[in-house]
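A short worksheet on the structure shown next.
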Amino acid sequence: MGQFLQTFFEESFEGLQEMEAGLLALDSGDPDTETLHTIFRAAHSIKGGAGTFGLQALAGFTHHMETLLDRLREGRQAVTPEAVNLLLESVDCLRGMLEAAQDGGEADPEQAVALEKRLAALVAEGNDPSPVPDAPEPEGPQALPESHAVDSPAPGGWQIGFRPEPHLFMTGNDPLRLVEELSELGDVTAECHIGQLPAFGDLDPEQCHLSWTLTLQGGADEDAVREVFEWVEDDCELTISPLAPEGAEDEPPAAEGSPDAPEESTAAAAPDVDDEGDEAADAAVVSEAPAPSSAGHGDNGNQPPAPGAGGGNGQPRKPAAASSIRVNTDKIDALIDMVGELVITQSMLNQLGEDFSEDKLEQLRDGLGQLERNTRELQENVMRIRMVPISFAYARLPRIVHDLSDKLGKQVELKLEGEQTELDKTVMEKLIDPLVHLVRNSLDHGIEPPAQRRELGKPETGTLEIEAYHKGGYIVIEINDDGAGISRDKLLAKARAAGLLQAGEELPDEQVLDLIFHPGLSTAEKATDVSGRGVGMDVVKRNIRQLGGNINLRSQPGEGTQLTIHLPLTLSILDGQLFRVGDQVYIVPLVSIIESLQIQREKLSRVAGKAELYHWREGHLPVLRLRELFNEPDAGGELANGLMVVVEDDDRRVGLHVDELLGQQQVVIKSLEANYQRVTGFAGATILGDGTVALILDIAGLVDLAQAQRKPADAAAMRVATEEAHGEQTQ
Amino acid sequence: MAKILAVDDSASMRQMVSYTLKQAGHQVVDAADGRDALAKAKTGRFDAVITDVNMPNMDGITLVKELRALPNFKFTPILLLTTESAPEKKQQGKAAGATGWLVKPFDPEKLLATVKKVVR
């Protein structure tokens, strides 16, 4: 069963999201029945799966939720805010239980038990009109469908009168099948009664006109016998009576005990049934099997087990979180199309090459052009597979806004736009935390309490609008609120108090707001447990930068705040600036470059005889000589008149001294870690058009290195690593 | 052996049912809800149908009614996957023309034993 668990967890988390979204939608006004059904169905599916896959605690807990939901959807109980909030809490608890189960453990049962009690209490409350309280439902999900009556097995066996209604065949039931099943309990003899059979001319083969007296020998108990006929109880007259004890008179002819008897008699009596069956079987062989429907989910299941992680004390280790992605079949079809075209182009070129002469040069050019187009399209489409709509990142926000605005006593309307805007799955996953943080911030510090808004002449309900769209190779996410905005004066005062600014020092306007991203600065009057004490905005910025994006903030005091996040669509391709140091080509991400310039001697200075600084835009930049760092033979060693690329990471800048600037191009990032080992200062490598390997600089690492230039150990370590990496590439 | 249409909106249940039946040598076509199942049912004949009850788009009970109206499915065994917490579904299902039911949660053996009742 294990191989289906991963799918079960995935769909359960989706189900929880659906439930949450549904519950939040119910919040406002009269309950929509369809939404209630959807919520119920999600709970129901989780319960069914949990029971089937052996997660009893989960199944039991969900059962309580389902009971309440069932009453709500049937209209037997009112949808109150209390019920909605309790269900939302239960969703959280369930999520915790699922996460624990996924990790192979169990969640703390206390919370679940407490919630189960509250759910049951609410159900009981809803039952108020009837003075008799519902007996607490004893049936867990494991409860047997029927209680076992205490009846002693009849030692002699049973005589069963079975007279089906004429429509029996139309329920898909077959008397022969029943007799066969009965024969598994003991020896059966069947006596067929054909008295009701109409004249041949009136015979309707779709109707059942036969009845049987069946005699079952052996010690089967009555329940077992009844179970055989469970499905047809309402479609027949059934009498079950104990056989007279052995040796008594009136022994049925069954004593002959011919095991073939039942089959003969039924088969002969109901030929139409068999015909139908055979025909169906034949048709099944001939008819074309429709394509399985699971293409869209095909990649969900059957994850190969992760290779043993080693160690461990006999406890089965949880495999590294299996990650999968649902891909729309359209995307896969498009890929297949494209591969088809690629194959055509390839065979065309092949043909051309077999018999090539100069006059076919034009054709060759066309062919190569087509190949380039195909390749580019294929690349774009393969990238699209990893793209998921941003709605996944949006999913948590309505709940957060609901809970937070309740807690803070604010009224907030959340507007989400561009939900279908796609971005790379990894980027999306890493976007969630910053996004949540920004939303919390906006609610906590931005949007004012209703009373204050009224005084200011604003609508009492604040608006938080999040919009995502594509622009160039980027996805842009705008987060706008109509709250209080950010007070420049307060921000400046804070910065001064925190020692970030000297007393008389002024900052240009656009840099004032950037202070908010400075570690350890918060403008909230009082720190709350909602967005904390200024930890955050700096982390948000760092996270976004790590994804190769950036974040900008604009704010008008009293009117609101606009945050704009730019993120690359994917992490596997980057726009790079190529440059040369010694014989090697390196790449620096274009987004990190502020400026490239020719070094002017008079702006250079040395500190403590070692670190070189360059006077640049009212400040000083540390200069990194890449030649030295990469252990290239020193060609002159003179910085003056050389080229310098000014790069930035998280507001920290450094100048890179390079030999020559080459072109700019999109490069596909290959992991060094996966193919070689982690090397400080390099983010990865790529393969250039001519087949050589170029290393991609990790600006953050380089900046760290520049700052620690006094620590020779680091630089030496990197030098060795660089040599090795180069050694690899020439092999 | 038999050709079976397995219907469930839950991917994990669908996988489990399909896998179990295929292991036992059956041919399985699966469907994600009643509407999907009905469309697939119209493409051919099946020896049996196993369907969940609670599904979006078209629930299991409606599916049974719709299937019974198709000439190819007049006598086809149709099994409902129900939960013990909804016993009334069994009766509704029977009234719609279902052959029998299988109570969730069930394990692969139980599934195969039940299927064995209706297909040979």
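Letters A, B, ... go to the chains of the structure tokens in the order shown; residues in each chain start at 1; ligands are counted from 1 in the same order.
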Could you write out as a CSV table (one decimal) with all heavy atoms, in the first residue's frame the residues of chain B within 8 Å of chain A, counting only C-alpha atoms?
chain,number,residue,atom,x,y,z
B,2,ALA,N,-11.0,-10.0,-16.7
B,2,ALA,CA,-12.2,-9.1,-16.9
B,2,ALA,C,-11.8,-7.7,-17.2
B,2,ALA,O,-10.7,-7.3,-16.9
B,2,ALA,CB,-13.1,-9.2,-15.7
B,3,LYS,N,-12.7,-7.0,-17.9
B,3,LYS,CA,-12.4,-5.6,-18.2
B,3,LYS,C,-13.2,-4.8,-17.2
B,3,LYS,O,-14.5,-4.9,-17.2
B,3,LYS,CB,-12.7,-5.3,-19.6
B,3,LYS,CG,-12.4,-3.9,-20.0
B,3,LYS,CD,-12.7,-3.7,-21.5
B,3,LYS,CE,-12.7,-2.2,-21.9
B,3,LYS,NZ,-13.2,-2.0,-23.2
B,10,SER,N,-10.6,10.3,-6.0
B,10,SER,CA,-9.3,10.3,-5.3
B,10,SER,C,-8.3,9.5,-6.1
B,10,SER,O,-8.5,8.3,-6.3
B,10,SER,CB,-9.6,9.7,-3.9
B,10,SER,OG,-8.4,9.1,-3.5
B,11,ALA,N,-7.2,10.2,-6.4
B,11,ALA,CA,-6.2,9.5,-7.2
B,11,ALA,C,-5.6,8.4,-6.5
B,11,ALA,O,-5.3,7.3,-7.1
B,11,ALA,CB,-5.1,10.6,-7.6
B,12,SER,N,-5.4,8.5,-5.2
B,12,SER,CA,-4.7,7.4,-4.5
B,12,SER,C,-5.6,6.1,-4.5
B,12,SER,O,-5.2,5.0,-4.7
B,12,SER,CB,-4.4,7.8,-3.1
B,12,SER,OG,-5.5,8.2,-2.4
B,13,MET,N,-7.0,6.3,-4.3
B,13,MET,CA,-7.9,5.2,-4.3
B,13,MET,C,-7.9,4.6,-5.7
B,13,MET,O,-7.9,3.4,-5.8
B,13,MET,CB,-9.3,5.6,-3.9
B,13,MET,CG,-9.4,6.1,-2.4
B,13,MET,SD,-9.0,4.8,-1.3
B,13,MET,CE,-10.5,3.8,-1.4
B,15,GLN,N,-5.6,4.7,-7.9
B,15,GLN,CA,-4.4,3.9,-8.2
B,15,GLN,C,-4.4,2.6,-7.5
B,15,GLN,O,-4.0,1.6,-8.0
B,15,GLN,CB,-3.2,4.7,-7.7
B,15,GLN,CG,-2.7,5.8,-8.6
B,15,GLN,CD,-1.6,6.6,-8.0
B,15,GLN,OE1,-1.0,6.2,-7.0
B,15,GLN,NE2,-1.3,7.8,-8.6
B,16,MET,N,-4.9,2.6,-6.2
B,16,MET,CA,-4.9,1.4,-5.4
B,16,MET,C,-5.8,0.4,-6.1
B,16,MET,O,-5.4,-0.8,-6.3
B,16,MET,CB,-5.3,1.7,-4.0
B,16,MET,CG,-5.0,0.6,-3.0
B,16,MET,SD,-6.3,-0.6,-2.9
B,16,MET,CE,-7.1,-0.1,-1.4
B,29,VAL,N,-9.8,0.2,-16.8
B,29,VAL,CA,-9.9,1.6,-17.3
B,29,VAL,C,-10.4,2.4,-16.1
B,29,VAL,O,-11.3,2.1,-15.4
B,29,VAL,CB,-11.0,1.7,-18.4
B,29,VAL,CG1,-11.2,3.1,-18.8
B,29,VAL,CG2,-10.5,0.8,-19.6
B,30,ASP,N,-9.7,3.5,-15.8
B,30,ASP,CA,-10.1,4.3,-14.7
B,30,ASP,C,-10.7,5.7,-15.1
B,30,ASP,O,-10.4,6.2,-16.2
B,30,ASP,CB,-9.1,4.4,-13.6
B,30,ASP,CG,-7.8,5.2,-14.0
B,30,ASP,OD1,-7.9,5.8,-15.1
B,30,ASP,OD2,-6.8,5.1,-13.3
B,31,ALA,N,-11.5,6.2,-14.2
B,31,ALA,CA,-12.1,7.5,-14.5
B,31,ALA,C,-12.2,8.3,-13.2
B,31,ALA,O,-12.3,7.7,-12.1
B,31,ALA,CB,-13.6,7.2,-15.0
B,32,ALA,N,-12.1,9.6,-13.3
B,32,ALA,CA,-12.0,10.5,-12.2
B,32,ALA,C,-13.3,10.9,-11.6
B,32,ALA,O,-13.4,11.4,-10.5
B,32,ALA,CB,-11.1,11.7,-12.5
B,40,LYS,N,-16.4,7.2,-20.8
B,40,LYS,CA,-15.6,6.0,-21.1
B,40,LYS,C,-16.4,4.8,-21.3
B,40,LYS,O,-16.1,3.9,-22.1
B,40,LYS,CB,-14.5,5.8,-20.0
B,40,LYS,CG,-13.4,6.9,-20.2
B,40,LYS,CD,-12.4,6.9,-19.1
B,40,LYS,CE,-11.3,7.9,-19.5
B,40,LYS,NZ,-10.6,8.4,-18.4
B,43,THR,N,-17.6,4.0,-24.7
B,43,THR,CA,-16.7,3.6,-25.7
B,43,THR,C,-16.6,2.1,-25.9
B,43,THR,O,-15.9,1.6,-26.7
B,43,THR,CB,-15.2,4.1,-25.4
B,43,THR,OG1,-14.8,3.5,-24.2
B,43,THR,CG2,-15.2,5.6,-25.3
B,44,GLY,N,-17.2,1.3,-25.0
B,44,GLY,CA,-17.1,-0.1,-25.1
B,44,GLY,C,-17.9,-0.8,-24.1
B,44,GLY,O,-18.7,-0.3,-23.3
B,45,ARG,N,-17.6,-2.1,-23.9
B,45,ARG,CA,-18.3,-2.9,-22.9
B,45,ARG,C,-17.3,-3.2,-21.8
B,45,ARG,O,-16.1,-3.3,-22.0
B,45,ARG,CB,-18.8,-4.2,-23.5
B,45,ARG,CG,-19.8,-3.9,-24.7
B,45,ARG,CD,-20.3,-5.3,-25.2
B,45,ARG,NE,-21.4,-5.8,-24.3
B,45,ARG,CZ,-22.5,-6.3,-24.7
B,45,ARG,NH1,-22.7,-6.4,-26.0
B,45,ARG,NH2,-23.4,-6.7,-23.9
B,46,PHE,N,-17.9,-3.3,-20.6
B,46,PHE,CA,-17.1,-3.7,-19.5
B,46,PHE,C,-17.7,-4.9,-18.8
B,46,PHE,O,-18.9,-5.1,-18.8
B,46,PHE,CB,-17.0,-2.5,-18.5
B,46,PHE,CG,-16.1,-1.4,-19.1
B,46,PHE,CD1,-16.7,-0.4,-19.9
B,46,PHE,CD2,-14.8,-1.3,-18.8
B,46,PHE,CE1,-15.9,0.6,-20.4
B,46,PHE,CE2,-14.0,-0.3,-19.3
B,46,PHE,CZ,-14.6,0.7,-20.1
B,47,ASP,N,-16.9,-5.7,-18.1
B,47,ASP,CA,-17.5,-6.8,-17.3
B,47,ASP,C,-17.9,-6.4,-16.0
B,47,ASP,O,-18.7,-7.1,-15.3
B,47,ASP,CB,-16.4,-7.9,-17.2
B,47,ASP,CG,-15.9,-8.3,-18.6
B,47,ASP,OD1,-16.8,-8.6,-19.4
B,47,ASP,OD2,-14.7,-8.4,-18.8
B,54,ASN,N,-19.3,9.5,-3.5
B,54,ASN,CA,-19.2,11.0,-3.5
B,54,ASN,C,-18.1,11.5,-4.5
B,54,ASN,O,-16.9,11.3,-4.3
B,54,ASN,CB,-18.7,11.4,-2.1
B,54,ASN,CG,-19.9,11.7,-1.2
B,54,ASN,OD1,-20.6,12.7,-1.5
B,54,ASN,ND2,-20.2,10.9,-0.2
B,55,MET,N,-18.6,12.1,-5.5
B,55,MET,CA,-17.6,12.6,-6.5
B,55,MET,C,-18.2,13.9,-7.1
B,55,MET,O,-19.4,14.1,-7.1
B,55,MET,CB,-17.5,11.6,-7.7
B,55,MET,CG,-16.8,10.3,-7.3
B,55,MET,SD,-16.6,9.2,-8.7
B,55,MET,CE,-18.3,8.8,-9.1
B,56,PRO,N,-17.2,14.8,-7.5
B,56,PRO,CA,-17.7,16.0,-8.2
B,56,PRO,C,-18.3,15.7,-9.6
B,56,PRO,O,-18.1,14.5,-10.1
B,56,PRO,CB,-16.4,16.8,-8.3
B,56,PRO,CG,-15.3,15.9,-8.2
B,56,PRO,CD,-15.8,14.7,-7.4
B,68,ARG,N,-27.2,2.2,-16.2
B,68,ARG,CA,-28.2,1.2,-16.4
B,68,ARG,C,-29.1,1.5,-17.6
B,68,ARG,O,-29.7,0.6,-18.2
B,68,ARG,CB,-29.1,1.1,-15.2
B,68,ARG,CG,-28.5,0.3,-14.1
B,68,ARG,CD,-28.6,-1.2,-14.3
B,68,ARG,NE,-27.9,-2.0,-13.2
B,68,ARG,CZ,-26.8,-2.7,-13.4
B,68,ARG,NH1,-26.3,-2.8,-14.6
B,68,ARG,NH2,-26.2,-3.3,-12.4
B,74,LYS,N,-26.9,-2.9,-19.2
B,74,LYS,CA,-28.1,-3.3,-18.6
B,74,LYS,C,-27.9,-4.4,-17.5
B,74,LYS,O,-28.6,-4.3,-16.4
B,74,LYS,CB,-29.0,-3.9,-19.7
B,74,LYS,CG,-30.5,-3.6,-19.5
B,74,LYS,CD,-31.2,-3.9,-20.8
B,74,LYS,CE,-32.7,-3.7,-20.7
B,74,LYS,NZ,-33.3,-4.0,-22.0
B,75,PHE,N,-27.0,-5.3,-17.7
B,75,PHE,CA,-26.8,-6.4,-16.8
B,75,PHE,C,-25.4,-6.4,-16.2
B,75,PHE,O,-25.0,-7.3,-15.5
B,75,PHE,CB,-27.0,-7.8,-17.5
B,75,PHE,CG,-28.3,-7.8,-18.2
B,75,PHE,CD1,-28.4,-7.8,-19.6
B,75,PHE,CD2,-29.5,-8.0,-17.5
B,75,PHE,CE1,-29.6,-7.8,-20.3
B,75,PHE,CE2,-30.7,-8.0,-18.2
B,75,PHE,CZ,-30.8,-8.0,-19.5
B,76,THR,N,-24.7,-5.4,-16.5
B,76,THR,CA,-23.3,-5.3,-16.0
B,76,THR,C,-23.3,-5.2,-14.5
B,76,THR,O,-23.9,-4.3,-13.9
B,76,THR,CB,-22.5,-4.2,-16.6
B,76,THR,OG1,-22.7,-4.3,-18.1
B,76,THR,CG2,-21.1,-4.2,-16.3
B,77,PRO,N,-22.5,-6.0,-13.8
B,77,PRO,CA,-22.4,-5.7,-12.3
B,77,PRO,C,-21.7,-4.4,-12.0
B,77,PRO,O,-20.7,-4.0,-12.6
B,77,PRO,CB,-21.4,-6.8,-11.9
B,77,PRO,CG,-21.5,-7.9,-12.9
B,77,PRO,CD,-21.7,-7.1,-14.2
B,78,ILE,N,-22.4,-3.6,-11.2
B,78,ILE,CA,-21.8,-2.3,-10.8
B,78,ILE,C,-21.7,-2.3,-9.2
B,78,ILE,O,-22.7,-2.5,-8.5
B,78,ILE,CB,-22.8,-1.2,-11.2
B,78,ILE,CG1,-23.0,-1.2,-12.7
B,78,ILE,CG2,-22.1,0.2,-10.8
B,78,ILE,CD1,-24.0,-0.2,-13.2
B,83,THR,N,-19.1,4.1,2.5
B,83,THR,CA,-18.6,4.1,3.8
B,83,THR,C,-19.7,3.7,4.8
B,83,THR,O,-20.8,3.9,4.5
B,83,THR,CB,-18.1,5.5,4.3
B,83,THR,OG1,-19.1,6.4,4.0
B,83,THR,CG2,-16.8,5.8,3.5
B,84,GLU,N,-19.2,3.1,5.9
B,84,GLU,CA,-20.2,2.6,6.8
B,84,GLU,C,-21.0,3.7,7.4
B,84,GLU,O,-22.1,3.5,8.0
B,84,GLU,CB,-19.5,1.7,7.9
B,84,GLU,CG,-18.9,2.5,9.0
B,84,GLU,CD,-17.7,3.3,8.5
B,84,GLU,OE1,-17.0,2.9,7.6
B,84,GLU,OE2,-17.5,4.4,9.1
B,85,SER,N,-20.5,4.9,7.3
B,85,SER,CA,-21.2,6.1,7.9
B,85,SER,C,-22.3,6.5,7.1
B,85,SER,O,-23.1,7.4,7.5
B,85,SER,CB,-20.2,7.2,8.2
B,85,SER,OG,-19.6,7.6,7.0
B,94,LYS,N,-28.8,0.8,-4.5
B,94,LYS,CA,-29.6,-0.4,-5.0
B,94,LYS,C,-30.8,0.1,-5.8
B,94,LYS,O,-31.1,-0.5,-6.9
B,94,LYS,CB,-30.1,-1.2,-3.7
B,94,LYS,CG,-29.1,-2.1,-3.1
B,94,LYS,CD,-28.6,-3.2,-4.0
B,94,LYS,CE,-29.8,-4.2,-4.4
B,94,LYS,NZ,-29.2,-5.2,-5.3
B,97,GLY,N,-30.0,0.8,-9.2
B,97,GLY,CA,-29.6,-0.3,-10.0
B,97,GLY,C,-28.2,-0.9,-9.8
B,97,GLY,O,-27.7,-1.7,-10.5
B,98,ALA,N,-27.6,-0.5,-8.6
B,98,ALA,CA,-26.3,-1.1,-8.3
B,98,ALA,C,-26.4,-2.6,-8.0
B,98,ALA,O,-27.4,-3.0,-7.4
B,98,ALA,CB,-25.6,-0.3,-7.2
B,99,THR,N,-25.4,-3.3,-8.2
B,99,THR,CA,-25.4,-4.7,-8.0
B,99,THR,C,-25.1,-5.0,-6.5
B,99,THR,O,-25.7,-5.8,-5.8
B,99,THR,CB,-24.3,-5.4,-8.8
B,99,THR,OG1,-24.5,-5.1,-10.2
B,99,THR,CG2,-24.4,-6.9,-8.6
B,100,GLY,N,-24.1,-4.3,-6.0
B,100,GLY,CA,-23.7,-4.5,-4.6
B,100,GLY,C,-22.8,-3.4,-4.2
B,100,GLY,O,-22.7,-2.4,-4.8
B,101,TRP,N,-22.1,-3.6,-3.0
B,101,TRP,CA,-21.3,-2.5,-2.5
B,101,TRP,C,-20.1,-3.1,-1.8
B,101,TRP,O,-20.0,-4.3,-1.5
B,101,TRP,CB,-22.1,-1.7,-1.6
B,101,TRP,CG,-22.8,-2.4,-0.5
B,101,TRP,CD1,-22.2,-2.9,0.6
B,101,TRP,CD2,-24.1,-2.9,-0.5
B,101,TRP,NE1,-23.1,-3.6,1.3
B,101,TRP,CE2,-24.3,-3.6,0.7
B,101,TRP,CE3,-25.2,-2.7,-1.4
B,101,TRP,CZ2,-25.5,-4.1,1.0
B,101,TRP,CZ3,-26.4,-3.3,-1.1
B,101,TRP,CH2,-26.6,-4.0,0.1
B,103,VAL,N,-17.6,-1.8,1.3
B,103,VAL,CA,-17.5,-0.8,2.4
B,103,VAL,C,-16.1,-0.4,2.6
B,103,VAL,O,-15.2,-1.2,2.8
B,103,VAL,CB,-18.1,-1.3,3.7
B,103,VAL,CG1,-18.0,-0.3,4.8
B,103,VAL,CG2,-19.6,-1.7,3.5
B,104,LYS,N,-15.9,1.0,2.5
B,104,LYS,CA,-14.6,1.5,2.9
B,104,LYS,C,-14.4,1.6,4.4
B,104,LYS,O,-15.4,1.9,5.1
B,104,LYS,CB,-14.5,3.0,2.3
B,104,LYS,CG,-14.3,3.1,0.8
B,104,LYS,CD,-13.8,4.5,0.5
B,104,LYS,CE,-14.6,5.1,-0.7
B,104,LYS,NZ,-14.2,6.4,-1.0
B,105,PRO,N,-13.3,1.5,4.9
B,105,PRO,CA,-12.0,1.2,4.2
B,105,PRO,C,-11.9,-0.3,3.9
B,105,PRO,O,-12.4,-1.2,4.7
B,105,PRO,CB,-10.9,1.6,5.2
B,105,PRO,CG,-11.6,1.4,6.6
B,105,PRO,CD,-13.0,1.7,6.4
B,106,PHE,N,-11.3,-0.6,2.8
B,106,PHE,CA,-11.1,-2.0,2.4
B,106,PHE,C,-9.6,-2.2,2.0
B,106,PHE,O,-8.9,-1.3,1.7
B,106,PHE,CB,-12.0,-2.4,1.3
B,106,PHE,CG,-11.8,-1.5,0.1
B,106,PHE,CD1,-10.9,-1.8,-0.8
B,106,PHE,CD2,-12.6,-0.4,-0.1
B,106,PHE,CE1,-10.7,-1.0,-2.0
B,106,PHE,CE2,-12.5,0.4,-1.2
B,106,PHE,CZ,-11.5,0.1,-2.1
B,107,ASP,N,-9.2,-3.5,2.1
B,107,ASP,CA,-7.8,-3.7,1.7
B,107,ASP,C,-7.9,-4.5,0.3
B,107,ASP,O,-9.0,-4.9,-0.1
B,107,ASP,CB,-7.0,-4.5,2.7
B,107,ASP,CG,-7.8,-5.8,3.1
B,107,ASP,OD1,-8.5,-6.3,2.3
B,107,ASP,OD2,-7.6,-6.2,4.3
B,117,LYS,N,-16.8,-12.0,-6.8
B,117,LYS,CA,-18.3,-12.3,-6.7
B,117,LYS,C,-19.0,-12.0,-8.0
B,117,LYS,O,-20.0,-12.6,-8.3
B,117,LYS,CB,-18.9,-11.5,-5.6
B,117,LYS,CG,-18.7,-11.9,-4.2
B,117,LYS,CD,-19.5,-11.0,-3.3
B,117,LYS,CE,-19.5,-11.5,-1.8
B,117,LYS,NZ,-20.5,-10.7,-1.1
B,118,VAL,N,-18.5,-11.0,-8.7
B,118,VAL,CA,-19.3,-10.6,-9.9
B,118,VAL,C,-18.6,-10.9,-11.2
B,118,VAL,O,-19.3,-10.8,-12.3
B,118,VAL,CB,-19.7,-9.1,-9.8
B,118,VAL,CG1,-20.6,-8.8,-8.7
B,118,VAL,CG2,-18.4,-8.2,-9.7
(message) Neighbouring residues of A:Gly186 were defined as those with any atom within 8 Å, considering only C-alpha atoms; residues of the same chain fewer than 2 positions away were excluded. Please report them as a list in words.
(response) Leu182, Ser183, Glu184, Val188, Leu216, Gln217, Gly218, Gly219 and Ala220 of chain A
(message) List as a list in words the protein and nucleic acid residues near B:Lys22, meaning an atom at most 10 Å away when only C-alpha atoms are counted, but skip any in the same chain fewer than 3 places from it.
(response)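 Listed by chain and then number, they are Met1, Ala2, Lys3, Ile4, Met16, Val17, Ser18, Tyr19, Gly25, His26, Gln27 and Val28 of chain B.
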Next, the residues of the selection above should be written as a short mmCIF file (atom, residue, chain, number, x, y, z; two decimals), in the first residue's frame with all heavy atoms.
data_model
loop_
_atom_site.label_atom_id
_atom_site.label_comp_id
_atom_site.auth_asym_id
_atom_site.auth_seq_id
_atom_site.Cartn_x
_atom_site.Cartn_y
_atom_site.Cartn_z
N MET B 1 -8.28 -11.13 -17.97
CA MET B 1 -9.50 -11.69 -17.39
C MET B 1 -10.67 -10.78 -17.67
O MET B 1 -11.15 -10.72 -18.78
CB MET B 1 -9.30 -11.88 -15.88
CG MET B 1 -8.18 -12.84 -15.58
SD MET B 1 -8.65 -14.19 -14.49
CE MET B 1 -8.96 -13.36 -12.95
N ALA B 2 -11.04 -10.01 -16.72
CA ALA B 2 -12.21 -9.15 -16.94
C ALA B 2 -11.76 -7.72 -17.23
O ALA B 2 -10.68 -7.30 -16.87
CB ALA B 2 -13.11 -9.17 -15.71
N LYS B 3 -12.65 -6.99 -17.90
CA LYS B 3 -12.37 -5.59 -18.17
C LYS B 3 -13.23 -4.77 -17.21
O LYS B 3 -14.46 -4.88 -17.22
CB LYS B 3 -12.70 -5.28 -19.62
CG LYS B 3 -12.37 -3.85 -20.01
CD LYS B 3 -12.67 -3.66 -21.49
CE LYS B 3 -12.66 -2.20 -21.86
NZ LYS B 3 -13.18 -1.98 -23.21
N ILE B 4 -12.58 -3.98 -16.39
CA ILE B 4 -13.28 -3.31 -15.30
C ILE B 4 -13.10 -1.80 -15.39
O ILE B 4 -12.00 -1.30 -15.67
CB ILE B 4 -12.75 -3.82 -13.93
CG1 ILE B 4 -13.02 -5.33 -13.83
CG2 ILE B 4 -13.40 -3.07 -12.78
CD1 ILE B 4 -12.37 -6.00 -12.67
N MET B 16 -4.87 2.62 -6.23
CA MET B 16 -4.86 1.39 -5.44
C MET B 16 -5.78 0.36 -6.07
O MET B 16 -5.40 -0.80 -6.26
CB MET B 16 -5.30 1.71 -4.00
CG MET B 16 -4.98 0.64 -3.01
SD MET B 16 -6.26 -0.59 -2.92
CE MET B 16 -7.08 -0.10 -1.44
N VAL B 17 -6.98 0.78 -6.43
CA VAL B 17 -7.94 -0.13 -7.04
C VAL B 17 -7.40 -0.66 -8.37
O VAL B 17 -7.39 -1.88 -8.61
CB VAL B 17 -9.31 0.56 -7.22
CG1 VAL B 17 -10.24 -0.29 -8.08
CG2 VAL B 17 -9.95 0.85 -5.87
N SER B 18 -6.90 0.25 -9.22
CA SER B 18 -6.39 -0.18 -10.52
C SER B 18 -5.25 -1.17 -10.35
O SER B 18 -5.20 -2.21 -10.99
CB SER B 18 -5.86 0.98 -11.34
OG SER B 18 -6.82 1.94 -11.51
N TYR B 19 -4.32 -0.77 -9.48
CA TYR B 19 -3.13 -1.60 -9.30
C TYR B 19 -3.52 -3.00 -8.83
O TYR B 19 -3.07 -4.00 -9.38
CB TYR B 19 -2.20 -0.92 -8.29
CG TYR B 19 -0.96 -1.70 -7.99
CD1 TYR B 19 0.14 -1.64 -8.84
CD2 TYR B 19 -0.86 -2.49 -6.84
CE1 TYR B 19 1.30 -2.34 -8.58
CE2 TYR B 19 0.29 -3.20 -6.56
CZ TYR B 19 1.37 -3.13 -7.43
OH TYR B 19 2.51 -3.83 -7.16
N GLY B 25 -4.68 -9.57 -12.77
CA GLY B 25 -4.83 -9.95 -14.17
C GLY B 25 -5.98 -9.31 -14.90
O GLY B 25 -6.26 -9.64 -16.05
N HIS B 26 -6.66 -8.38 -14.26
CA HIS B 26 -7.77 -7.73 -14.95
C HIS B 26 -7.28 -6.56 -15.79
O HIS B 26 -6.21 -6.01 -15.55
CB HIS B 26 -8.80 -7.21 -13.94
CG HIS B 26 -9.43 -8.30 -13.12
ND1 HIS B 26 -10.23 -9.27 -13.68
CD2 HIS B 26 -9.35 -8.59 -11.81
CE1 HIS B 26 -10.63 -10.11 -12.73
NE2 HIS B 26 -10.10 -9.72 -11.57
N GLN B 27 -8.15 -6.19 -16.72
CA GLN B 27 -7.84 -5.01 -17.52
C GLN B 27 -8.65 -3.87 -16.90
O GLN B 27 -9.84 -4.03 -16.64
CB GLN B 27 -8.29 -5.28 -18.96
CG GLN B 27 -7.91 -4.19 -19.93
CD GLN B 27 -8.59 -4.40 -21.28
OE1 GLN B 27 -9.14 -5.45 -21.55
NE2 GLN B 27 -8.55 -3.37 -22.10
N VAL B 28 -7.98 -2.75 -16.61
CA VAL B 28 -8.68 -1.69 -15.89
C VAL B 28 -8.67 -0.38 -16.68
O VAL B 28 -7.64 0.02 -17.23
CB VAL B 28 -8.01 -1.42 -14.51
CG1 VAL B 28 -8.80 -0.38 -13.74
CG2 VAL B 28 -7.92 -2.71 -13.73
#
(request) Would you return as a VMD selection string the members of stretch 300-470 of chain A that DSSP assigns to helix (DSSP H, G or I) on this structure's backbone? (result) chain A and resid 329 to 354 358 to 385 391 to 394 397 to 408 425 to 446 450 to 455
(message) So the first atom is atom CA of A:Leu115 and the second is atom CA of A:Glu89; what is the distance between them in Å, to one decimal place?
(response)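 Pair atom CA of A:Leu115 / atom CA of A:Glu89 returns 8.1 Å.
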(message) Report, in Å with one decimal, the straight-line distance from atom CA of B:Glu109 to atom CA of A:Trp158.
(response)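 Taking atom CA of B:Glu109 and atom CA of A:Trp158, their separation equals 27.7 Å.
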